[in-house]
$ cat final_4.cif   # mmCIF, C-alpha atoms, pLDDT in the B column; chains and numbers go by the auth columns
data_model
#
loop_
_atom_site.group_PDB
_atom_site.id
_atom_site.type_symbol
_atom_site.label_atom_id
_atom_site.label_comp_id
_atom_site.label_asym_id
_atom_site.label_seq_id
_atom_site.Cartn_x
_atom_site.Cartn_y
_atom_site.Cartn_z
_atom_site.B_iso_or_equiv
_atom_site.auth_seq_id
_atom_site.auth_asym_id
ATOM 1 C CA MET A 1 21.607 -12.801 4.448 68.00 210 A
ATOM 2 C CA ILE A 2 25.273 -12.082 4.227 78.00 211 A
ATOM 3 C CA GLY A 3 26.193 -8.728 2.738 85.00 212 A
ATOM 4 C CA PRO A 4 29.511 -9.755 1.147 91.00 213 A
ATOM 5 C CA LEU A 5 28.002 -12.881 -0.458 94.00 214 A
ATOM 6 C CA ALA A 6 25.105 -10.862 -1.878 95.00 215 A
ATOM 7 C CA THR A 7 27.476 -8.207 -3.191 95.00 216 A
ATOM 8 C CA GLY A 8 29.692 -10.870 -4.724 96.00 217 A
ATOM 9 C CA LEU A 9 26.688 -12.488 -6.415 97.00 218 A
ATOM 10 C CA ILE A 10 25.564 -9.136 -7.833 97.00 219 A
ATOM 11 C CA VAL A 11 29.025 -8.391 -9.241 97.00 220 A
ATOM 12 C CA PHE A 12 29.478 -11.919 -10.598 97.00 221 A
ATOM 13 C CA ALA A 13 26.063 -11.909 -12.284 97.00 222 A
ATOM 14 C CA LEU A 14 26.857 -8.552 -13.890 97.00 223 A
ATOM 15 C CA VAL A 15 30.186 -9.922 -15.160 97.00 224 A
ATOM 16 C CA ILE A 16 28.340 -12.891 -16.676 97.00 225 A
ATOM 17 C CA ALA A 17 25.841 -10.501 -18.290 97.00 226 A
ATOM 18 C CA LEU A 18 28.601 -8.350 -19.796 97.00 227 A
ATOM 19 C CA VAL A 19 30.603 -11.340 -21.078 96.00 228 A
ATOM 20 C CA SER A 20 27.384 -12.709 -22.589 97.00 229 A
ATOM 21 C CA LEU A 21 26.667 -9.415 -24.309 96.00 230 A
ATOM 22 C CA LEU A 22 30.230 -9.348 -25.614 96.00 231 A
ATOM 23 C CA THR A 23 29.812 -12.895 -26.940 95.00 232 A
ATOM 24 C CA THR A 24 26.629 -11.826 -28.714 95.00 233 A
ATOM 25 C CA ALA A 25 28.359 -8.727 -30.096 95.00 234 A
ATOM 26 C CA LEU A 26 31.194 -10.900 -31.422 95.00 235 A
ATOM 27 C CA ASN A 27 28.575 -13.110 -33.092 95.00 236 A
ATOM 28 C CA LYS A 28 29.550 -16.269 -31.235 93.00 237 A
ATOM 29 C CA SER A 29 27.309 -18.970 -29.832 92.00 238 A
ATOM 30 C CA MET A 30 27.250 -20.304 -26.279 89.00 239 A
ATOM 31 C CA GLY A 31 30.536 -21.626 -24.924 88.00 240 A
ATOM 32 C CA THR A 32 31.388 -23.829 -21.963 93.00 241 A
ATOM 33 C CA VAL A 33 32.801 -20.883 -20.022 93.00 242 A
ATOM 34 C CA LEU A 34 29.424 -19.172 -19.765 94.00 243 A
ATOM 35 C CA LEU A 35 27.715 -22.392 -18.693 95.00 244 A
ATOM 36 C CA VAL A 36 30.299 -23.076 -15.981 96.00 245 A
ATOM 37 C CA ALA A 37 29.991 -19.467 -14.787 96.00 246 A
ATOM 38 C CA LEU A 38 26.215 -19.858 -14.594 96.00 247 A
ATOM 39 C CA GLY A 39 26.713 -23.034 -12.583 97.00 248 A
ATOM 40 C CA VAL A 40 28.985 -21.256 -10.122 97.00 249 A
ATOM 41 C CA LEU A 41 26.476 -18.410 -9.848 97.00 250 A
ATOM 42 C CA GLU A 42 23.708 -20.924 -9.160 97.00 251 A
ATOM 43 C CA ILE A 43 25.750 -22.538 -6.359 97.00 252 A
ATOM 44 C CA GLY A 44 26.267 -19.120 -4.801 97.00 253 A
ATOM 45 C CA LEU A 45 22.556 -18.328 -5.073 97.00 254 A
ATOM 46 C CA LEU A 46 21.677 -21.680 -3.473 97.00 255 A
ATOM 47 C CA VAL A 47 24.049 -20.964 -0.576 96.00 256 A
ATOM 48 C CA GLN A 48 22.407 -17.573 -0.146 96.00 257 A
ATOM 49 C CA ALA A 49 18.950 -19.167 -0.273 96.00 258 A
ATOM 50 C CA GLY A 50 20.120 -21.581 2.418 95.00 259 A
ATOM 51 C CA PHE A 51 21.125 -18.712 4.678 93.00 260 A
ATOM 52 C CA VAL A 52 17.815 -16.929 4.057 93.00 261 A
ATOM 53 C CA VAL A 53 15.770 -20.026 4.834 93.00 262 A
ATOM 54 C CA ALA A 54 17.864 -20.790 7.929 92.00 263 A
ATOM 55 C CA ALA A 55 17.365 -17.252 9.215 91.00 264 A
ATOM 56 C CA LEU A 56 13.615 -17.362 8.585 90.00 265 A
ATOM 57 C CA VAL A 57 13.302 -20.748 10.311 90.00 266 A
ATOM 58 C CA GLY A 58 15.307 -19.346 13.216 89.00 267 A
ATOM 59 C CA GLY A 59 12.800 -16.529 13.551 85.00 268 A
ATOM 60 C CA GLU A 60 15.134 -13.830 12.260 83.00 269 A
ATOM 61 C CA GLY A 61 14.680 -11.830 9.123 79.00 270 A
ATOM 62 C CA PRO A 62 12.501 -8.967 7.942 83.00 271 A
ATOM 63 C CA ALA A 63 8.786 -8.396 8.320 80.00 272 A
ATOM 64 C CA ASP A 64 8.123 -8.888 4.630 81.00 273 A
ATOM 65 C CA THR A 65 8.754 -12.641 4.618 86.00 274 A
ATOM 66 C CA ALA A 66 6.535 -13.565 1.663 86.00 275 A
ATOM 67 C CA THR A 67 8.217 -11.165 -0.755 86.00 276 A
ATOM 68 C CA LEU A 68 11.667 -12.266 0.390 89.00 277 A
ATOM 69 C CA ILE A 69 10.802 -15.913 -0.204 90.00 278 A
ATOM 70 C CA GLY A 70 9.467 -14.996 -3.641 89.00 279 A
ATOM 71 C CA TYR A 71 12.700 -13.287 -4.648 91.00 280 A
ATOM 72 C CA THR A 72 14.819 -16.067 -3.148 93.00 281 A
ATOM 73 C CA ALA A 73 12.944 -18.717 -5.120 93.00 282 A
ATOM 74 C CA GLY A 74 13.166 -16.589 -8.267 93.00 283 A
ATOM 75 C CA THR A 75 16.943 -16.173 -8.068 95.00 284 A
ATOM 76 C CA VAL A 76 17.424 -19.930 -7.675 96.00 285 A
ATOM 77 C CA VAL A 77 15.131 -20.814 -10.578 95.00 286 A
ATOM 78 C CA ILE A 78 16.358 -18.321 -13.185 96.00 287 A
ATOM 79 C CA PRO A 79 19.972 -19.480 -13.939 96.00 288 A
ATOM 80 C CA PRO A 80 19.124 -23.134 -14.772 96.00 289 A
ATOM 81 C CA VAL A 81 16.129 -22.124 -16.894 95.00 290 A
ATOM 82 C CA ALA A 82 18.232 -19.499 -18.692 95.00 291 A
ATOM 83 C CA ALA A 83 20.980 -22.068 -19.325 95.00 292 A
ATOM 84 C CA PHE A 84 18.444 -24.506 -20.766 94.00 293 A
ATOM 85 C CA TRP A 85 16.818 -21.834 -22.939 92.00 294 A
ATOM 86 C CA GLY A 86 20.148 -20.349 -24.068 92.00 295 A
ATOM 87 C CA VAL A 87 21.832 -23.634 -24.985 93.00 296 A
ATOM 88 C CA GLY A 88 18.895 -24.474 -27.247 90.00 297 A
ATOM 89 C CA GLU A 89 19.746 -21.517 -29.476 91.00 298 A
ATOM 90 C CA ARG A 90 22.926 -22.229 -31.447 90.00 299 A
ATOM 91 C CA SER A 91 23.592 -18.663 -32.537 93.00 300 A
ATOM 92 C CA ARG A 92 24.678 -15.334 -31.096 93.00 301 A
ATOM 93 C CA TRP A 93 21.252 -15.064 -29.441 94.00 302 A
ATOM 94 C CA GLY A 94 21.982 -17.958 -27.069 94.00 303 A
ATOM 95 C CA PRO A 95 24.380 -15.894 -24.932 96.00 304 A
ATOM 96 C CA ALA A 96 21.955 -12.961 -25.191 96.00 305 A
ATOM 97 C CA VAL A 97 19.469 -15.078 -23.226 96.00 306 A
ATOM 98 C CA ILE A 98 22.137 -15.559 -20.539 96.00 307 A
ATOM 99 C CA ALA A 99 22.670 -11.786 -20.519 96.00 308 A
ATOM 100 C CA VAL A 100 18.980 -11.268 -19.675 95.00 309 A
ATOM 101 C CA ALA A 101 19.315 -13.584 -16.683 96.00 310 A
ATOM 102 C CA GLY A 102 22.622 -11.955 -15.750 96.00 311 A
ATOM 103 C CA PHE A 103 20.909 -8.568 -15.515 95.00 312 A
ATOM 104 C CA ALA A 104 17.815 -9.886 -13.726 95.00 313 A
ATOM 105 C CA ILE A 105 19.725 -11.569 -10.872 96.00 314 A
ATOM 106 C CA PRO A 106 21.462 -8.387 -9.562 96.00 315 A
ATOM 107 C CA GLY A 107 18.144 -6.564 -9.513 92.00 316 A
ATOM 108 C CA MET A 108 16.518 -9.353 -7.531 93.00 317 A
ATOM 109 C CA VAL A 109 19.406 -9.807 -5.099 95.00 318 A
ATOM 110 C CA GLY A 110 19.462 -6.034 -4.621 93.00 319 A
ATOM 111 C CA ARG A 111 15.746 -6.055 -3.763 90.00 320 A
ATOM 112 C CA MET A 112 16.362 -8.947 -1.340 91.00 321 A
ATOM 113 C CA LEU A 113 19.010 -6.878 0.440 91.00 322 A
ATOM 114 C CA GLN A 114 16.631 -3.912 0.697 89.00 323 A
ATOM 115 C CA ILE A 115 13.842 -6.089 2.113 88.00 324 A
ATOM 116 C CA TRP A 116 16.305 -7.689 4.509 88.00 325 A
ATOM 117 C CA GLN A 117 17.366 -4.309 5.798 84.00 326 A
ATOM 118 C CA GLY A 118 13.744 -3.299 6.211 77.00 327 A
ATOM 119 C CA MET A 119 13.734 -0.723 3.465 55.00 328 A
ATOM 120 C CA GLY A 120 11.433 -2.693 1.178 48.00 329 A
ATOM 121 C CA MET B 1 22.123 -2.839 -41.164 39.00 178 B
ATOM 122 C CA THR B 2 25.344 -4.720 -40.417 42.00 179 B
ATOM 123 C CA GLY B 3 23.328 -6.785 -37.986 42.00 180 B
ATOM 124 C CA ARG B 4 21.220 -8.046 -40.822 43.00 181 B
ATOM 125 C CA ALA B 5 24.223 -9.010 -42.919 41.00 182 B
ATOM 126 C CA GLU B 6 25.725 -10.894 -39.983 40.00 183 B
ATOM 127 C CA GLN B 7 22.491 -12.706 -39.401 42.00 184 B
ATOM 128 C CA GLY B 8 22.612 -13.934 -42.942 39.00 185 B
ATOM 129 C CA ARG B 9 26.129 -15.154 -42.399 39.00 186 B
ATOM 130 C CA THR B 10 25.259 -17.197 -39.343 41.00 187 B
ATOM 131 C CA GLY B 11 22.418 -18.780 -41.201 43.00 188 B
ATOM 132 C CA GLN B 12 19.667 -17.170 -39.164 46.00 189 B
ATOM 133 C CA GLY B 13 17.813 -15.948 -42.170 45.00 190 B
ATOM 134 C CA ARG B 14 16.523 -19.454 -42.675 46.00 191 B
ATOM 135 C CA PRO B 15 13.208 -19.712 -44.457 43.00 192 B
ATOM 136 C CA VAL B 16 10.084 -19.270 -42.437 44.00 193 B
ATOM 137 C CA ASP B 17 8.630 -22.681 -41.781 43.00 194 B
ATOM 138 C CA GLY B 18 5.577 -21.767 -39.768 44.00 195 B
ATOM 139 C CA GLY B 19 6.044 -23.254 -36.292 45.00 196 B
ATOM 140 C CA HIS B 20 8.853 -21.997 -34.133 57.00 197 B
ATOM 141 C CA THR B 21 10.162 -19.019 -36.054 79.00 198 B
ATOM 142 C CA THR B 22 8.940 -16.386 -33.591 87.00 199 B
ATOM 143 C CA GLY B 23 10.827 -18.145 -30.800 87.00 200 B
ATOM 144 C CA ALA B 24 14.160 -18.481 -32.594 89.00 201 B
ATOM 145 C CA GLY B 25 17.103 -16.098 -32.846 89.00 202 B
ATOM 146 C CA PRO B 26 16.341 -12.746 -31.216 91.00 203 B
ATOM 147 C CA GLY B 27 12.882 -14.113 -30.416 92.00 204 B
ATOM 148 C CA ARG B 28 14.580 -16.435 -27.977 93.00 205 B
ATOM 149 C CA VAL B 29 15.739 -13.403 -26.005 94.00 206 B
ATOM 150 C CA LEU B 30 12.255 -11.866 -26.072 94.00 207 B
ATOM 151 C CA VAL B 31 10.807 -15.095 -24.680 95.00 208 B
ATOM 152 C CA ALA B 32 13.398 -14.998 -21.878 95.00 209 B
ATOM 153 C CA VAL B 33 12.531 -11.404 -20.972 94.00 210 B
ATOM 154 C CA TYR B 34 8.794 -12.113 -21.054 95.00 211 B
ATOM 155 C CA GLY B 35 9.373 -15.187 -18.895 94.00 212 B
ATOM 156 C CA ILE B 36 11.210 -13.166 -16.269 93.00 213 B
ATOM 157 C CA PHE B 37 8.513 -10.494 -16.280 93.00 214 B
ATOM 158 C CA ALA B 38 5.809 -13.125 -15.940 93.00 215 B
ATOM 159 C CA LEU B 39 7.678 -14.485 -12.920 91.00 216 B
ATOM 160 C CA ALA B 40 8.302 -11.046 -11.402 87.00 217 B
ATOM 161 C CA ALA B 41 4.797 -9.672 -11.931 87.00 218 B
ATOM 162 C CA GLY B 42 3.171 -12.977 -11.024 90.00 219 B
ATOM 163 C CA ALA B 43 5.069 -13.412 -7.751 87.00 220 B
ATOM 164 C CA ARG B 44 4.440 -9.801 -6.851 84.00 221 B
ATOM 165 C CA ALA B 45 0.718 -10.116 -7.543 87.00 222 B
ATOM 166 C CA ALA B 46 0.491 -13.371 -5.603 89.00 223 B
ATOM 167 C CA VAL B 47 2.076 -11.783 -2.532 86.00 224 B
ATOM 168 C CA GLN B 48 -0.041 -8.636 -2.792 84.00 225 B
ATOM 169 C CA ILE B 49 -3.340 -10.422 -3.347 87.00 226 B
ATOM 170 C CA SER B 50 -2.772 -13.026 -0.644 86.00 227 B
ATOM 171 C CA ARG B 51 -1.805 -10.524 2.012 83.00 228 B
ATOM 172 C CA GLN B 52 -3.617 -7.223 1.554 81.00 229 B
ATOM 173 C CA PHE B 53 -6.005 -7.437 -1.371 82.00 230 B
ATOM 174 C CA GLY B 54 -8.391 -4.938 0.202 82.00 231 B
ATOM 175 C CA GLU B 55 -5.775 -2.178 0.214 81.00 232 B
ATOM 176 C CA ALA B 56 -5.669 -1.725 -3.538 81.00 233 B
ATOM 177 C CA PRO B 57 -7.866 -4.255 -5.342 85.00 234 B
ATOM 178 C CA LEU B 58 -7.602 -2.525 -8.736 84.00 235 B
ATOM 179 C CA ALA B 59 -3.795 -2.277 -8.690 84.00 236 B
ATOM 180 C CA TYR B 60 -3.343 -5.847 -7.476 87.00 237 B
ATOM 181 C CA THR B 61 -5.779 -7.258 -10.014 89.00 238 B
ATOM 182 C CA LEU B 62 -3.896 -5.393 -12.739 88.00 239 B
ATOM 183 C CA SER B 63 -0.604 -6.847 -11.486 87.00 240 B
ATOM 184 C CA ALA B 64 -2.040 -10.326 -11.873 92.00 241 B
ATOM 185 C CA PHE B 65 -3.481 -9.476 -15.293 93.00 242 B
ATOM 186 C CA ALA B 66 -0.117 -8.141 -16.477 93.00 243 B
ATOM 187 C CA ALA B 67 1.569 -11.320 -15.284 94.00 244 B
ATOM 188 C CA ALA B 68 -0.950 -13.407 -17.235 95.00 245 B
ATOM 189 C CA VAL B 69 -0.329 -11.377 -20.404 96.00 246 B
ATOM 190 C CA TYR B 70 3.460 -11.766 -20.042 95.00 247 B
ATOM 191 C CA LEU B 71 3.119 -15.509 -19.514 95.00 248 B
ATOM 192 C CA LEU B 72 0.823 -15.795 -22.534 96.00 249 B
ATOM 193 C CA LEU B 73 3.365 -13.874 -24.642 95.00 250 B
ATOM 194 C CA ALA B 74 6.294 -16.011 -23.527 94.00 251 B
ATOM 195 C CA VAL B 75 4.397 -19.160 -24.489 95.00 252 B
ATOM 196 C CA ALA B 76 2.955 -17.746 -27.732 95.00 253 B
ATOM 197 C CA LEU B 77 6.334 -16.479 -28.968 93.00 254 B
ATOM 198 C CA GLY B 78 8.148 -19.613 -27.857 92.00 255 B
ATOM 199 C CA ARG B 79 5.635 -21.857 -29.610 91.00 256 B
ATOM 200 C CA GLY B 80 5.374 -19.707 -32.726 90.00 257 B
ATOM 201 C CA MET B 81 1.712 -18.809 -32.195 91.00 258 B
ATOM 202 C CA ARG B 82 1.930 -15.582 -34.150 92.00 259 B
ATOM 203 C CA ARG B 83 -1.640 -14.337 -34.031 93.00 260 B
ATOM 204 C CA LEU B 84 -1.968 -14.932 -30.298 94.00 261 B
ATOM 205 C CA ALA B 85 1.354 -13.171 -29.716 95.00 262 B
ATOM 206 C CA LEU B 86 0.197 -10.229 -31.812 94.00 263 B
ATOM 207 C CA VAL B 87 -3.045 -9.850 -29.836 95.00 264 B
ATOM 208 C CA ALA B 88 -1.214 -10.196 -26.502 95.00 265 B
ATOM 209 C CA CYS B 89 1.350 -7.583 -27.571 95.00 266 B
ATOM 210 C CA GLY B 90 -1.493 -5.201 -28.417 95.00 267 B
ATOM 211 C CA ILE B 91 -3.134 -5.775 -25.031 95.00 268 B
ATOM 212 C CA GLU B 92 0.223 -5.269 -23.339 94.00 269 B
ATOM 213 C CA LEU B 93 0.902 -1.992 -25.145 95.00 270 B
ATOM 214 C CA ALA B 94 -2.606 -0.728 -24.399 95.00 271 B
ATOM 215 C CA GLY B 95 -2.245 -1.812 -20.775 93.00 272 B
ATOM 216 C CA VAL B 96 1.047 -0.062 -20.132 93.00 273 B
ATOM 217 C CA LEU B 97 -0.140 3.138 -21.860 94.00 274 B
ATOM 218 C CA ILE B 98 -3.544 3.255 -20.139 92.00 275 B
ATOM 219 C CA VAL B 99 -2.354 2.232 -16.674 91.00 276 B
ATOM 220 C CA GLY B 100 0.755 4.403 -17.005 91.00 277 B
ATOM 221 C CA THR B 101 -1.340 7.453 -17.854 92.00 278 B
ATOM 222 C CA LEU B 102 -3.979 6.725 -15.195 90.00 279 B
ATOM 223 C CA SER B 103 -1.346 6.213 -12.511 88.00 280 B
ATOM 224 C CA LEU B 104 -0.003 9.702 -13.224 89.00 281 B
ATOM 225 C CA VAL B 105 -3.382 11.423 -13.691 90.00 282 B
ATOM 226 C CA ASP B 106 -5.123 9.689 -10.787 85.00 283 B
ATOM 227 C CA PRO B 107 -2.533 8.360 -8.307 82.00 284 B
ATOM 228 C CA GLU B 108 -5.354 7.741 -5.802 81.00 285 B
ATOM 229 C CA ALA B 109 -6.626 4.853 -7.926 75.00 286 B
ATOM 230 C CA PHE B 110 -3.202 3.201 -7.792 76.00 287 B
ATOM 231 C CA PRO B 111 -1.962 3.539 -4.224 72.00 288 B
ATOM 232 C CA LYS B 112 0.289 0.524 -4.743 74.00 289 B
ATOM 233 C CA ALA B 113 2.584 0.080 -7.704 77.00 290 B
ATOM 234 C CA THR B 114 1.954 -2.351 -10.551 82.00 291 B
ATOM 235 C CA VAL B 115 4.433 -3.285 -13.285 85.00 292 B
ATOM 236 C CA TRP B 116 2.650 -0.803 -15.544 89.00 293 B
ATOM 237 C CA SER B 117 2.490 2.146 -13.107 87.00 294 B
ATOM 238 C CA GLY B 118 4.286 5.250 -14.384 88.00 295 B
ATOM 239 C CA PHE B 119 4.812 3.490 -17.719 90.00 296 B
ATOM 240 C CA GLY B 120 6.894 0.832 -15.980 88.00 297 B
ATOM 241 C CA SER B 121 9.217 3.306 -14.245 87.00 298 B
ATOM 242 C CA GLY B 122 9.763 0.799 -11.414 83.00 299 B
ATOM 243 C CA TYR B 123 11.264 -1.615 -13.938 86.00 300 B
ATOM 244 C CA VAL B 124 13.520 0.835 -15.839 86.00 301 B
ATOM 245 C CA PHE B 125 10.698 1.357 -18.384 90.00 302 B
ATOM 246 C CA ILE B 126 11.233 -2.126 -19.804 91.00 303 B
ATOM 247 C CA PRO B 127 7.424 -2.746 -19.692 91.00 304 B
ATOM 248 C CA LEU B 128 7.006 0.211 -22.068 93.00 305 B
ATOM 249 C CA VAL B 129 9.718 -0.919 -24.492 93.00 306 B
ATOM 250 C CA LEU B 130 8.785 -4.626 -24.494 93.00 307 B
ATOM 251 C CA PRO B 131 5.479 -4.501 -26.424 94.00 308 B
ATOM 252 C CA VAL B 132 7.024 -2.217 -29.062 94.00 309 B
ATOM 253 C CA LEU B 133 9.956 -4.620 -29.436 93.00 310 B
ATOM 254 C CA GLY B 134 7.529 -7.536 -29.570 93.00 311 B
ATOM 255 C CA LEU B 135 5.399 -5.938 -32.286 94.00 312 B
ATOM 256 C CA TYR B 136 8.522 -5.005 -34.269 93.00 313 B
ATOM 257 C CA TRP B 137 9.829 -8.561 -33.981 92.00 314 B
ATOM 258 C CA LEU B 138 6.490 -10.058 -35.060 92.00 315 B
ATOM 259 C CA SER B 139 6.314 -7.727 -38.049 91.00 316 B
ATOM 260 C CA ARG B 140 9.801 -8.796 -39.150 87.00 317 B
ATOM 261 C CA ARG B 141 9.013 -12.509 -38.852 78.00 318 B
ATOM 262 C CA ARG B 142 6.025 -12.575 -41.098 70.00 319 B
#

$ encode --input "final_4.cif" --output "structure tokens"
Amino acid sequence: MIGPLATGLIVFALVIALVSLLTTALNKSMGTVLLVALGVLEIGLLVQAGFVVAALVGGEGPADTATLIGYTAGTVVIPPVAAFWGVGERSRWGPAVIAVAGFAIPGMVGRMLQIWQGMG
Amino acid sequence: MTGRAEQGRTGQGRPVDGGHTTGAGPGRVLVAVYGIFALAAGARAAVQISRQFGEAPLAYTLSAFAAAVYLLLAVALGRGMRRLALVACGIELAGVLIVGTLSLVDPEAFPKATVWSGFGSGYVFIPLVLPVLGLYWLSRRR
């Protein structure tokens, strides 16, 4: 895992969550901007997953492999599912769904970092 | 109460037509949260049970049970199965209160954390708030 990438993903996901909350507060439905942002976040998460898998295959990485794989898979799955579920709701509650995902991702990436550093 | 007025304006106060009402509007967000908790609790339980079930069988079984309840709720709310959602919410509330209390009174019984340990303190108390929110939501969408 790369520290800066993980940190960037955490910050970016939080920004998405806050913008989503703002959109909900302003009573607007999902826009293209949020979807594109989710897409970019997903690409970043996939890159991170690639690094994790590469490290594990190469024999590096923490002792708690199973949990790390679980979190890695979770982070990759959540943004597309959230996008699908949020787009289906054409009201202010669509972006609120994205906000849920936006808050979940930082928590999971944070846990991945802890496990990686052997603190898990 | 402004929230309610705004909802009317965006046309969310549409008449209840059976089916998918519990999974629309704010319910959509509840389904998303329950989905994430089903994933989190389920993955956690799977890892715990597969690797060291003997260490804390009760806690790990409860983790899996909690995951099942969350999954059931996500599906029931999303599909508009009101009665099932109501029952699952009740089980969830009872679970978090009982396990939360037990984990404080008798920490020995719960050497490893579950989602419901300490009233969900490991998950910023969201497990404690969720069933209350769910019951409130179901009571509004009658």

$ resolve_selection --input "final_4.cif" --expression "the PyMOL selection byres ((chain A and resi 303-320) around 6)" --output "VMD selection string"
(chain A and resid 219 222 to 223 225 to 226 229 to 230 233 239 291 295 298 300 to 302 321 to 323) or (chain B and resid 206)

$ closest_atom_pairs --input "final_4.cif" --of "chain B" --to "chain A" --cutoff "7 Å" --atoms "only C-alpha atoms" --output "Markdown table"
| residue | atom | partner | partner_atom | distance |
| --- | --- | --- | --- | --- |
| B:Gly202 | CA | A:Trp302 | CA | 5.5 |
| B:Pro203 | CA | A:Trp302 | CA | 5.7 |
| B:Arg205 | CA | A:Val306 | CA | 7.0 |
| B:Val206 | CA | A:Val306 | CA | 4.9 |
| B:Ala209 | CA | A:Val306 | CA | 6.2 |
| B:Val210 | CA | A:Val309 | CA | 6.6 |
| B:Ala220 | CA | A:Gly279 | CA | 6.2 |
| B:Val224 | CA | A:Ala275 | CA | 6.4 |

$ atom_distance --input "final_4.cif" --atom1 "atom CA of Leu227 of chain A" --atom2 "atom CA of Pro304 of chain B"
21.9 Å

$ atom_distance --input "final_4.cif" --atom1 "atom CA of Ala218 of chain B" --atom2 "atom CA of Glu269 of chain A"
26.6 Å

$ atom_distance --input "final_4.cif" --atom1 "atom CA of Ala253 of chain B" --atom2 "atom CA of Pro288 of chain A"
22.0 Å

$ closest_residue --input "final_4.cif" --among "A:Ile324, A:Ala292, A:Thr284, A:Glu251" --to "Ile213 of chain B" --atoms "all atoms listed in the file"
A:Thr284

$ resolve_selection --input "final_4.cif" --expression "the PyMOL selection byres ((chain B and resi 236) around 7)" --output "short mmCIF file (atom, residue, chain, number, x, y, z; two decimals) with C-alpha atoms, in the frame of the given file"
data_model
loop_
_atom_site.label_atom_id
_atom_site.label_comp_id
_atom_site.auth_asym_id
_atom_site.auth_seq_id
_atom_site.Cartn_x
_atom_site.Cartn_y
_atom_site.Cartn_z
CA ALA B 233 -5.67 -1.72 -3.54
CA PRO B 234 -7.87 -4.26 -5.34
CA LEU B 235 -7.60 -2.52 -8.74
CA TYR B 237 -3.34 -5.85 -7.48
CA THR B 238 -5.78 -7.26 -10.01
CA LEU B 239 -3.90 -5.39 -12.74
CA SER B 240 -0.60 -6.85 -11.49
CA PHE B 287 -3.20 3.20 -7.79
CA LYS B 289 0.29 0.52 -4.74
CA ALA B 290 2.58 0.08 -7.70
CA THR B 291 1.95 -2.35 -10.55
#

$ resolve_selection --input "final_4.cif" --expression "the PyMOL selection byres ((chain B and resi 267-278) around 8)" --output "ChimeraX atom specification"
/B:243,246-247,263-266,279-282,293-297,304-305,308-309,312

$ closest_residue --input "final_4.cif" --among "A:Val256, A:Val266, A:Val296, A:Leu277" --to "Leu243 of chain A" --atoms "only C-alpha atoms"
A:Val296

$ residues_around --input "final_4.cif" --residues "Met258 of chain B" --least-positions-apart "3" --cutoff "12 Å" --atoms "only C-alpha atoms" --output "JSON list (two decimals) with C-alpha atoms, keeping the file's coordinate frame"
[["chain", "number", "residue", "atom", "x", "y", "z"],
["B", 195, "GLY", "CA", 5.58, -21.77, -39.77],
["B", 196, "GLY", "CA", 6.04, -23.25, -36.29],
["B", 197, "HIS", "CA", 8.85, -22.00, -34.13],
["B", 198, "THR", "CA", 10.16, -19.02, -36.05],
["B", 199, "THR", "CA", 8.94, -16.39, -33.59],
["B", 200, "GLY", "CA", 10.83, -18.14, -30.80],
["B", 249, "LEU", "CA", 0.82, -15.80, -22.53],
["B", 250, "LEU", "CA", 3.36, -13.87, -24.64],
["B", 251, "ALA", "CA", 6.29, -16.01, -23.53],
["B", 252, "VAL", "CA", 4.40, -19.16, -24.49],
["B", 253, "ALA", "CA", 2.96, -17.75, -27.73],
["B", 254, "LEU", "CA", 6.33, -16.48, -28.97],
["B", 255, "GLY", "CA", 8.15, -19.61, -27.86],
["B", 261, "LEU", "CA", -1.97, -14.93, -30.30],
["B", 262, "ALA", "CA", 1.35, -13.17, -29.72],
["B", 263, "LEU", "CA", 0.20, -10.23, -31.81],
["B", 264, "VAL", "CA", -3.04, -9.85, -29.84],
["B", 265, "ALA", "CA", -1.21, -10.20, -26.50],
["B", 315, "LEU", "CA", 6.49, -10.06, -35.06],
["B", 318, "ARG", "CA", 9.01, -12.51, -38.85],
["B", 319, "ARG", "CA", 6.02, -12.58, -41.10]]

$ axis_aligned_box --input "final_4.cif" --around "segment 320-323 of chain A" --padding-each-side "4 Å" --output "lines of an AutoDock Vina configuration file"
center_x = 17.4
center_y = -6.4
center_z = -1.5
size_x = 11.3
size_y = 13.0
size_z = 12.5

$ closest_residue --input "final_4.cif" --among "A:Ala263, A:Pro271, A:Pro289, A:Gln257" --to "Pro213 of chain A" --atoms "only C-alpha atoms"
A:Gln257

$ closest_residue --input "final_4.cif" --among "B:Ser316, B:Glu232, B:Gly257, B:Phe302" --to "Pro288 of chain B" --atoms "only C-alpha atoms"
B:Glu232

$ decode --input "final_4.cif" --residues "segment 222-240 of chain A" --atoms "C-alpha atoms" --output "mmCIF file, in the first residue's frame"
data_model
loop_
_atom_site.group_PDB
_atom_site.id
_atom_site.type_symbol
_atom_site.label_atom_id
_atom_site.label_comp_id
_atom_site.auth_asym_id
_atom_site.auth_seq_id
_atom_site.Cartn_x
_atom_site.Cartn_y
_atom_site.Cartn_z
ATOM 1 C CA ALA A 222 -13.960 10.266 -0.603
ATOM 2 C CA LEU A 223 -14.673 12.715 2.220
ATOM 3 C CA VAL A 224 -14.963 15.568 -0.299
ATOM 4 C CA ILE A 225 -17.444 13.488 -2.309
ATOM 5 C CA ALA A 226 -19.406 12.762 0.882
ATOM 6 C CA LEU A 227 -19.561 16.446 1.838
ATOM 7 C CA VAL A 228 -20.552 17.591 -1.669
ATOM 8 C CA SER A 229 -23.236 14.887 -1.676
ATOM 9 C CA LEU A 230 -24.568 16.053 1.669
ATOM 10 C CA LEU A 231 -24.591 19.625 0.389
ATOM 11 C CA THR A 232 -26.511 18.504 -2.705
ATOM 12 C CA THR A 233 -29.051 16.782 -0.470
ATOM 13 C CA ALA A 234 -29.287 19.867 1.754
ATOM 14 C CA LEU A 235 -29.917 22.033 -1.317
ATOM 15 C CA ASN A 236 -32.680 19.609 -2.328
ATOM 16 C CA LYS A 237 -31.115 18.663 -5.650
ATOM 17 C CA SER A 238 -30.969 15.270 -7.310
ATOM 18 C CA MET A 239 -27.887 13.454 -8.578
ATOM 19 C CA GLY A 240 -25.741 15.328 -11.080
#
